[in-house]
Amino acid sequence: MERLKLAVPTLFGLEGLTADELRRLGLEEVRADNGRVTALGTPADVARLNLNLRTGERVLIELGCFLAGDFDALFEGTRALPWEQFIPLNGAFPVKGHSLNSALHAIPACQSIVKKAVAARLGQKYGLETLPENGPVYQIQFSIMKDMATLMLDTSGAGLHKRGYRAVGVTAPLRETLAAALVLLSRYRGRDPFCDPFCGSGTIAIEAALIAKNRAPGLERSFSAQRWACVPAQAWMDAADEAMDREFDGAYEIWGGDIDPKAVAIARDNAVKAGVEDLIRFEVADARAFRREAPYGRVVTNPPYGERIMEKREAEELYRAFGKAYRGLPPGWSLALLSSHTEFERTFGRTADKKRKLYNGMIKCDLFLYHKRERG
C-alpha cells in the first residue's frame, strides 16, 4: 500500500498554486483539474501534506473511479475496492458526497448504497455480520460526475483552512486558504514591508507571517488520519520535525490596520494563537488615510465588497478614497486587492495591471494586481 493516489480539493482559481505546493513537497505525477489537484504519494506524504499545505482544502486518498449509471453499478464498484487495507474491524465509516450531471442524483440514496457496499466488503473480510464502528473515523467521500463515481477517504477531518488560530471571527471573514493564496499571488516572501489596511480579524497578515517564517500552517491542529493504523504515528512525528527544521528566524515588517477596534483586538488575539504575535503590528487605523514612508512594500487586502457588510455606494466611496491613498504611496509599493465589485477599477481610479478570477465562498471575485510603478 505504498503508492497512494492523493486528491486535494481547492477553491476555484487556486489549483495551480496548490499543484506548485505539492511539487515543492516532492510528490509525483501532480495534476491540476477543476477544483482539485491529484498526485501519487505515500502514507508519509499524507502527514506531510496535511501539515504543510497552505492553499489546499483537505487531503483525500482516492480508492477508485468507475462508471456508475445505476445503483447496482455503484454498489458493485464500491464493493470491489480494497477498503480493508485502510479501515480496521472497529473503524467507523460515515459517508457523504455529491453528484453532478449524473443519473444517480439522490444523495441520501447514494450514501446508503455506498455504506452498504463498504459494510458488505468489510463484513466479509472480517467475518462479521455487523461491524462495531466504535473506533477511529474513516470519513468516506464520493463524487459522481457525469456518471463517473470516485470513492475517497478523508484524512484531514476539519478542513485545512481551520488552522486553529481563529476562534473568533468578524463579519464576512476570509478563509485562511484564500488569504494564504492572496499572499502567495502577491509574491510576498518575507523580504518587503507588508501591509493589510482592511485587516479585519487579521487572517491575511497572519498567513503572511506564517509564509515569511516558512511555518507549516497545520502544526497546531490535529487530523483524522492521526488515529489511522495505515498512516504510522512515526510519519506524523517525522513530518512535524521536517516542517520545524525548515522554519526561518528573522524580523519581518508586517502591519495590519482596521477602523474597528474590536476587529483589531480579535486580530491580536488570533496572532497570539498562531504564535506570530511578535511578527505583526496591528493598529486601529482608517484605510482612507493609509500612508507609508518606506520606499517599497506590498499591500495585500480584502476590503468590504458592498454586497455584504456595506452598501455599494459606501464601498465605492471607500475604494475611491483608498485609491487616492494608494497613489500617494512611494512608487515601490505593489497592491493585491480582492473584490467582487464590478466597478472596482473605475471607483479606485486606476486599471489593474493584471486580474485573476477567484471565489470567496460563493462570491465571484477578482484579485486586482497593481505592480510597482513610476510616480504619476
# chains A, B, ... in the order shown; residues from 1 in each chain; ligands from 1
$ residues_around --residues "A:Asp238" --least-positions-apart "6" --cutoff "9 Å" --atoms "only C-alpha atoms" --output "PyMOL selection string"
chain A and resi 44+47-48
$ select_by_dssp --residues "stretch 13-205 of chain A" --states "helix (DSSP H, G or I)" --output "VMD selection string"
chain A and resid 15 to 24 43 to 52 71 to 79 83 to 85 107 to 126 176 to 185 203 to 205
$ atom_distance --atom1 "atom CA of A:Val284" --atom2 "atom CA of A:Arg373"
28.1 Å
$ residues_around --residues "A:Ala352" --least-positions-apart "4" --cutoff "8 Å" --atoms "only C-alpha atoms" --output "PyMOL selection string"
chain A and resi 345+368-370
$ write_last_selection --atoms "C-alpha atoms" --output "compact mmCIF listing (two decimals), in the first residue's frame"
# COMPACT_ATOMS: atom_id res chain seq x y z
CA GLU A 345 -11.27 49.77 -11.09
CA PHE A 368 -6.70 43.17 -8.79
CA LEU A 369 -2.91 43.32 -9.05
CA TYR A 370 -1.13 46.68 -9.26
$ residues_around --residues "A:Glu15" --least-positions-apart "6" --cutoff "9 Å" --atoms "only C-alpha atoms" --output "PDB file with all heavy atoms, in the first residue's frame"
ATOM      1  N   PRO A   9      -8.797  18.816  -2.820  1.00  0.00           N
ATOM      2  CA  PRO A   9      -9.744  19.811  -3.335  1.00  0.00           C
ATOM      3  C   PRO A   9      -9.240  21.222  -3.049  1.00  0.00           C
ATOM      4  O   PRO A   9      -8.567  21.454  -2.037  1.00  0.00           O
ATOM      5  CB  PRO A   9     -11.035  19.534  -2.551  1.00  0.00           C
ATOM      6  CG  PRO A   9     -10.814  18.248  -1.840  1.00  0.00           C
ATOM      7  CD  PRO A   9      -9.346  18.067  -1.697  1.00  0.00           C
ATOM      8  N   ALA A  32      -3.289  19.231 -12.020  1.00  0.00           N
ATOM      9  CA  ALA A  32      -4.344  20.167 -11.586  1.00  0.00           C
ATOM     10  C   ALA A  32      -5.566  20.008 -12.477  1.00  0.00           C
ATOM     11  O   ALA A  32      -5.466  20.038 -13.698  1.00  0.00           O
ATOM     12  CB  ALA A  32      -3.820  21.599 -11.646  1.00  0.00           C
ATOM     13  N   ASP A  33      -6.738  19.818 -11.858  1.00  0.00           N
ATOM     14  CA  ASP A  33      -8.015  19.776 -12.561  1.00  0.00           C
ATOM     15  C   ASP A  33      -8.892  20.884 -12.007  1.00  0.00           C
ATOM     16  O   ASP A  33      -8.477  21.614 -11.101  1.00  0.00           O
ATOM     17  CB  ASP A  33      -8.706  18.415 -12.342  1.00  0.00           C
ATOM     18  CG  ASP A  33      -7.934  17.283 -12.995  1.00  0.00           C
ATOM     19  OD1 ASP A  33      -7.602  17.419 -14.176  1.00  0.00           O
ATOM     20  OD2 ASP A  33      -7.671  16.268 -12.312  1.00  0.00           O
ATOM     21  N   ASN A  34     -10.124  20.978 -12.484  1.00  0.00           N
ATOM     22  CA  ASN A  34     -11.049  21.980 -11.945  1.00  0.00           C
ATOM     23  C   ASN A  34     -11.376  21.676 -10.487  1.00  0.00           C
ATOM     24  O   ASN A  34     -11.977  20.649 -10.183  1.00  0.00           O
ATOM     25  CB  ASN A  34     -12.358  21.989 -12.746  1.00  0.00           C
ATOM     26  CG  ASN A  34     -12.234  22.859 -13.977  1.00  0.00           C
ATOM     27  OD1 ASN A  34     -11.329  23.670 -14.071  1.00  0.00           O
ATOM     28  ND2 ASN A  34     -13.123  22.675 -14.924  1.00  0.00           N
ATOM     29  N   GLY A  35     -10.963  22.562  -9.597  1.00  0.00           N
ATOM     30  CA  GLY A  35     -11.332  22.417  -8.183  1.00  0.00           C
ATOM     31  C   GLY A  35     -10.581  21.349  -7.424  1.00  0.00           C
ATOM     32  O   GLY A  35     -10.905  21.079  -6.263  1.00  0.00           O
ATOM     33  N   ARG A  36      -9.555  20.732  -8.028  1.00  0.00           N
ATOM     34  CA  ARG A  36      -8.774  19.742  -7.272  1.00  0.00           C
ATOM     35  C   ARG A  36      -7.435  19.462  -7.948  1.00  0.00           C
ATOM     36  O   ARG A  36      -7.247  19.707  -9.140  1.00  0.00           O
ATOM     37  CB  ARG A  36      -9.554  18.443  -7.079  1.00  0.00           C
ATOM     38  CG  ARG A  36      -9.726  17.611  -8.311  1.00  0.00           C
ATOM     39  CD  ARG A  36     -10.510  16.343  -7.979  1.00  0.00           C
ATOM     40  NE  ARG A  36     -10.083  15.234  -8.800  1.00  0.00           N
ATOM     41  CZ  ARG A  36     -10.027  13.979  -8.404  1.00  0.00           C
ATOM     42  NH1 ARG A  36     -10.363  13.671  -7.175  1.00  0.00           N
ATOM     43  NH2 ARG A  36      -9.623  13.027  -9.214  1.00  0.00           N
ATOM     44  N   VAL A  37      -6.517  18.946  -7.127  1.00  0.00           N
ATOM     45  CA  VAL A  37      -5.187  18.566  -7.614  1.00  0.00           C
ATOM     46  C   VAL A  37      -4.961  17.121  -7.182  1.00  0.00           C
ATOM     47  O   VAL A  37      -5.268  16.750  -6.044  1.00  0.00           O
ATOM     48  CB  VAL A  37      -4.099  19.479  -7.015  1.00  0.00           C
ATOM     49  CG1 VAL A  37      -2.719  19.061  -7.487  1.00  0.00           C
ATOM     50  CG2 VAL A  37      -4.365  20.932  -7.382  1.00  0.00           C
ATOM     51  N   THR A  55      -2.817  26.211   0.666  1.00  0.00           N
ATOM     52  CA  THR A  55      -3.951  26.601  -0.185  1.00  0.00           C
ATOM     53  C   THR A  55      -4.915  25.451  -0.486  1.00  0.00           C
ATOM     54  O   THR A  55      -5.968  25.686  -1.061  1.00  0.00           O
ATOM     55  CB  THR A  55      -3.443  27.183  -1.522  1.00  0.00           C
ATOM     56  OG1 THR A  55      -2.678  26.190  -2.215  1.00  0.00           O
ATOM     57  CG2 THR A  55      -2.575  28.412  -1.283  1.00  0.00           C
ATOM     58  N   GLY A  56      -4.585  24.201  -0.114  1.00  0.00           N
ATOM     59  CA  GLY A  56      -5.494  23.073  -0.324  1.00  0.00           C
ATOM     60  C   GLY A  56      -6.527  22.989   0.782  1.00  0.00           C
ATOM     61  O   GLY A  56      -6.282  23.432   1.906  1.00  0.00           O
TER      62      GLY A  56
END
$ atom_distance --atom1 "atom CA of A:Arg268" --atom2 "atom CA of A:Phe282"
6.5 Å
$ select_by_dssp --residues "stretch 245-323 of chain A" --states "strand (DSSP E or B)" --output "PyMOL selection string"
chain A and resi 254-258+280-284+296-301
$ residues_around --residues "stretch 247-254 of chain A" --least-positions-apart "2" --cutoff "9 Å" --atoms "only C-alpha atoms" --output "VMD selection string"
chain A and resid 190 to 196 205 to 206 208 to 209 212 to 216 243 to 245 256 278 to 282
$ write_last_selection --atoms "N, CA and C atoms" --output "PDB file, in the first residue's frame"
ATOM      1  N   GLY A 190       8.545  37.610   2.495  1.00  0.00           N
ATOM      2  CA  GLY A 190       9.107  37.971   3.793  1.00  0.00           C
ATOM      3  C   GLY A 190      10.150  39.069   3.754  1.00  0.00           C
ATOM      4  N   ARG A 191      10.551  39.495   2.556  1.00  0.00           N
ATOM      5  CA  ARG A 191      11.638  40.484   2.491  1.00  0.00           C
ATOM      6  C   ARG A 191      11.135  41.928   2.549  1.00  0.00           C
ATOM      7  N   ASP A 192       9.968  42.201   1.975  1.00  0.00           N
ATOM      8  CA  ASP A 192       9.461  43.586   1.910  1.00  0.00           C
ATOM      9  C   ASP A 192       8.558  43.902   3.096  1.00  0.00           C
ATOM     10  N   PRO A 193       8.381  45.182   3.403  1.00  0.00           N
ATOM     11  CA  PRO A 193       7.306  45.551   4.320  1.00  0.00           C
ATOM     12  C   PRO A 193       5.957  45.084   3.749  1.00  0.00           C
ATOM     13  N   PHE A 194       5.071  44.627   4.619  1.00  0.00           N
ATOM     14  CA  PHE A 194       3.778  44.055   4.196  1.00  0.00           C
ATOM     15  C   PHE A 194       2.665  44.722   4.986  1.00  0.00           C
ATOM     16  N   CYS A 195       1.614  45.154   4.291  1.00  0.00           N
ATOM     17  CA  CYS A 195       0.504  45.840   4.966  1.00  0.00           C
ATOM     18  C   CYS A 195      -0.847  45.320   4.501  1.00  0.00           C
ATOM     19  N   ASP A 196      -1.792  45.225   5.436  1.00  0.00           N
ATOM     20  CA  ASP A 196      -3.207  44.983   5.124  1.00  0.00           C
ATOM     21  C   ASP A 196      -4.024  46.066   5.827  1.00  0.00           C
ATOM     22  N   ALA A 205      -2.691  39.024   7.304  1.00  0.00           N
ATOM     23  CA  ALA A 205      -1.405  39.337   7.949  1.00  0.00           C
ATOM     24  C   ALA A 205      -0.826  38.109   8.651  1.00  0.00           C
ATOM     25  N   ILE A 206      -1.685  37.313   9.283  1.00  0.00           N
ATOM     26  CA  ILE A 206      -1.211  36.105   9.972  1.00  0.00           C
ATOM     27  C   ILE A 206      -0.671  35.090   8.960  1.00  0.00           C
ATOM     28  N   ALA A 208       0.537  35.816   6.081  1.00  0.00           N
ATOM     29  CA  ALA A 208       1.797  36.401   5.588  1.00  0.00           C
ATOM     30  C   ALA A 208       2.939  36.087   6.551  1.00  0.00           C
ATOM     31  N   ALA A 209       2.665  36.175   7.852  1.00  0.00           N
ATOM     32  CA  ALA A 209       3.704  35.873   8.849  1.00  0.00           C
ATOM     33  C   ALA A 209       4.100  34.401   8.792  1.00  0.00           C
ATOM     34  N   ALA A 212       6.236  34.079   5.671  1.00  0.00           N
ATOM     35  CA  ALA A 212       7.552  34.693   5.869  1.00  0.00           C
ATOM     36  C   ALA A 212       8.450  33.790   6.713  1.00  0.00           C
ATOM     37  N   LYS A 213       7.866  33.211   7.734  1.00  0.00           N
ATOM     38  CA  LYS A 213       8.618  32.357   8.668  1.00  0.00           C
ATOM     39  C   LYS A 213       8.784  30.934   8.122  1.00  0.00           C
ATOM     40  N   ASN A 214       8.044  30.628   7.033  1.00  0.00           N
ATOM     41  CA  ASN A 214       8.015  29.268   6.463  1.00  0.00           C
ATOM     42  C   ASN A 214       7.512  28.259   7.494  1.00  0.00           C
ATOM     43  N   ARG A 215       6.551  28.690   8.308  1.00  0.00           N
ATOM     44  CA  ARG A 215       5.974  27.789   9.321  1.00  0.00           C
ATOM     45  C   ARG A 215       4.826  26.996   8.716  1.00  0.00           C
ATOM     46  N   ALA A 216       4.828  25.687   8.913  1.00  0.00           N
ATOM     47  CA  ALA A 216       3.746  24.833   8.417  1.00  0.00           C
ATOM     48  C   ALA A 216       2.443  25.225   9.101  1.00  0.00           C
ATOM     49  N   ALA A 243       9.072  19.866   9.094  1.00  0.00           N
ATOM     50  CA  ALA A 243       8.491  21.205   8.941  1.00  0.00           C
ATOM     51  C   ALA A 243       9.193  22.210   9.847  1.00  0.00           C
ATOM     52  N   MET A 244       9.447  21.823  11.094  1.00  0.00           N
ATOM     53  CA  MET A 244      10.074  22.762  12.037  1.00  0.00           C
ATOM     54  C   MET A 244      11.524  23.052  11.657  1.00  0.00           C
ATOM     55  N   ASP A 245      12.196  22.058  11.083  1.00  0.00           N
ATOM     56  CA  ASP A 245      13.573  22.269  10.619  1.00  0.00           C
ATOM     57  C   ASP A 245      13.645  23.296   9.491  1.00  0.00           C
ATOM     58  N   GLY A 256      -1.071  45.338  10.145  1.00  0.00           N
ATOM     59  CA  GLY A 256      -2.493  45.256   9.820  1.00  0.00           C
ATOM     60  C   GLY A 256      -3.241  46.375  10.506  1.00  0.00           C
ATOM     61  N   ASP A 278       4.692  38.310  17.639  1.00  0.00           N
ATOM     62  CA  ASP A 278       5.910  39.136  17.651  1.00  0.00           C
ATOM     63  C   ASP A 278       6.303  39.599  16.252  1.00  0.00           C
ATOM     64  N   LEU A 279       5.625  39.090  15.214  1.00  0.00           N
ATOM     65  CA  LEU A 279       5.986  39.436  13.833  1.00  0.00           C
ATOM     66  C   LEU A 279       5.037  40.461  13.207  1.00  0.00           C
ATOM     67  N   ILE A 280       3.893  40.734  13.861  1.00  0.00           N
ATOM     68  CA  ILE A 280       2.866  41.601  13.264  1.00  0.00           C
ATOM     69  C   ILE A 280       2.501  42.723  14.225  1.00  0.00           C
ATOM     70  N   ARG A 281       2.318  43.912  13.659  1.00  0.00           N
ATOM     71  CA  ARG A 281       1.799  45.031  14.454  1.00  0.00           C
ATOM     72  C   ARG A 281       0.392  45.350  13.950  1.00  0.00           C
ATOM     73  N   PHE A 282      -0.607  45.214  14.813  1.00  0.00           N
ATOM     74  CA  PHE A 282      -1.990  45.565  14.474  1.00  0.00           C
ATOM     75  C   PHE A 282      -2.349  46.892  15.130  1.00  0.00           C
TER      76      PHE A 282
END
$ closest_residue --among "A:Ala225, A:Pro43, A:Leu104, A:Lys5" --to "A:Glu29" --atoms "only C-alpha atoms"
A:Lys5
$ atom_distance --atom1 "atom CA of A:Ser222" --atom2 "atom CA of A:Gly157"
8.3 Å
$ residues_around --residues "A:Val30" --least-positions-apart "5" --cutoff "12 Å" --atoms "only C-alpha atoms" --output "number ranges by chain"
A: 5-8, 15-25, 36-41
$ write_last_selection --atoms "N, CA and C atoms" --output "mmCIF file, in the first residue's frame"
data_model
loop_
_atom_site.group_PDB
_atom_site.id
_atom_site.type_symbol
_atom_site.label_atom_id
_atom_site.label_comp_id
_atom_site.auth_asym_id
_atom_site.auth_seq_id
_atom_site.Cartn_x
_atom_site.Cartn_y
_atom_site.Cartn_z
ATOM 1 N N LYS A 5 -2.985 7.221 -4.490
ATOM 2 C CA LYS A 5 -3.423 8.365 -5.283
ATOM 3 C C LYS A 5 -4.070 9.351 -4.313
ATOM 4 N N LEU A 6 -3.493 10.529 -4.219
ATOM 5 C CA LEU A 6 -3.980 11.552 -3.290
ATOM 6 C C LEU A 6 -4.686 12.653 -4.075
ATOM 7 N N ALA A 7 -5.781 13.142 -3.518
ATOM 8 C CA ALA A 7 -6.543 14.227 -4.154
ATOM 9 C C ALA A 7 -6.713 15.354 -3.147
ATOM 10 N N VAL A 8 -6.445 16.575 -3.604
ATOM 11 C CA VAL A 8 -6.564 17.761 -2.738
ATOM 12 C C VAL A 8 -7.570 18.727 -3.370
ATOM 13 N N GLU A 15 -6.045 26.106 -8.073
ATOM 14 C CA GLU A 15 -5.497 24.797 -8.412
ATOM 15 C C GLU A 15 -4.001 24.858 -8.730
ATOM 16 N N GLY A 16 -3.574 25.860 -9.498
ATOM 17 C CA GLY A 16 -2.162 25.985 -9.877
ATOM 18 C C GLY A 16 -1.258 26.196 -8.676
ATOM 19 N N LEU A 17 -1.704 27.033 -7.735
ATOM 20 C CA LEU A 17 -0.912 27.279 -6.520
ATOM 21 C C LEU A 17 -0.747 26.002 -5.711
ATOM 22 N N THR A 18 -1.871 25.256 -5.549
ATOM 23 C CA THR A 18 -1.820 24.014 -4.766
ATOM 24 C C THR A 18 -0.936 22.987 -5.460
ATOM 25 N N ALA A 19 -1.029 22.906 -6.780
ATOM 26 C CA ALA A 19 -0.168 21.981 -7.529
ATOM 27 C C ALA A 19 1.306 22.317 -7.297
ATOM 28 N N ASP A 20 1.646 23.599 -7.297
ATOM 29 C CA ASP A 20 3.030 24.018 -7.022
ATOM 30 C C ASP A 20 3.472 23.574 -5.627
ATOM 31 N N GLU A 21 2.549 23.690 -4.646
ATOM 32 C CA GLU A 21 2.874 23.256 -3.280
ATOM 33 C C GLU A 21 3.200 21.764 -3.246
ATOM 34 N N LEU A 22 2.384 20.956 -3.941
ATOM 35 C CA LEU A 22 2.616 19.510 -3.963
ATOM 36 C C LEU A 22 3.946 19.171 -4.621
ATOM 37 N N ARG A 23 4.268 19.883 -5.699
ATOM 38 C CA ARG A 23 5.558 19.632 -6.368
ATOM 39 C C ARG A 23 6.723 19.980 -5.448
ATOM 40 N N ARG A 24 6.603 21.103 -4.737
ATOM 41 C CA ARG A 24 7.682 21.504 -3.824
ATOM 42 C C ARG A 24 7.860 20.488 -2.701
ATOM 43 N N LEU A 25 6.769 19.798 -2.342
ATOM 44 C CA LEU A 25 6.849 18.778 -1.299
ATOM 45 C C LEU A 25 7.307 17.426 -1.858
ATOM 46 N N ARG A 36 -9.555 20.732 -8.028
ATOM 47 C CA ARG A 36 -8.774 19.742 -7.272
ATOM 48 C C ARG A 36 -7.435 19.462 -7.948
ATOM 49 N N VAL A 37 -6.517 18.946 -7.127
ATOM 50 C CA VAL A 37 -5.187 18.566 -7.614
ATOM 51 C C VAL A 37 -4.961 17.121 -7.182
ATOM 52 N N THR A 38 -4.442 16.288 -8.086
ATOM 53 C CA THR A 38 -4.136 14.902 -7.727
ATOM 54 C C THR A 38 -2.633 14.658 -7.848
ATOM 55 N N ALA A 39 -2.163 13.631 -7.137
ATOM 56 C CA ALA A 39 -0.744 13.270 -7.175
ATOM 57 C C ALA A 39 -0.588 11.863 -6.630
ATOM 58 N N LEU A 40 0.575 11.282 -6.858
ATOM 59 C CA LEU A 40 0.902 9.994 -6.249
ATOM 60 C C LEU A 40 1.820 10.253 -5.055
ATOM 61 N N GLY A 41 1.550 9.530 -3.958
ATOM 62 C CA GLY A 41 2.359 9.719 -2.761
ATOM 63 C C GLY A 41 2.330 8.481 -1.886
#
$ closest_residue --among "A:Ala92, A:Leu153, A:Ala240, A:Ala68" --to "A:Ile113" --atoms "only C-alpha atoms"
A:Ala68
$ residues_around --residues "stretch 331-334 of chain A" --least-positions-apart "4" --cutoff "9 Å" --atoms "only C-alpha atoms" --output "list of chain:residue names"
A:Ser186, A:Ala294, A:Pro295, A:Tyr296, A:Gly297, A:Arg298, A:Val299, A:Val300, A:Tyr326, A:Arg327, A:Leu369, A:Tyr370, A:His371, A:Lys372, A:Arg373, A:Glu374, A:Arg375, A:Gly376
$ closest_residue --among "A:Ile266, A:Ala271, A:Ile211, A:Val137" --to "A:Leu185" --atoms "only C-alpha atoms"
A:Ile211
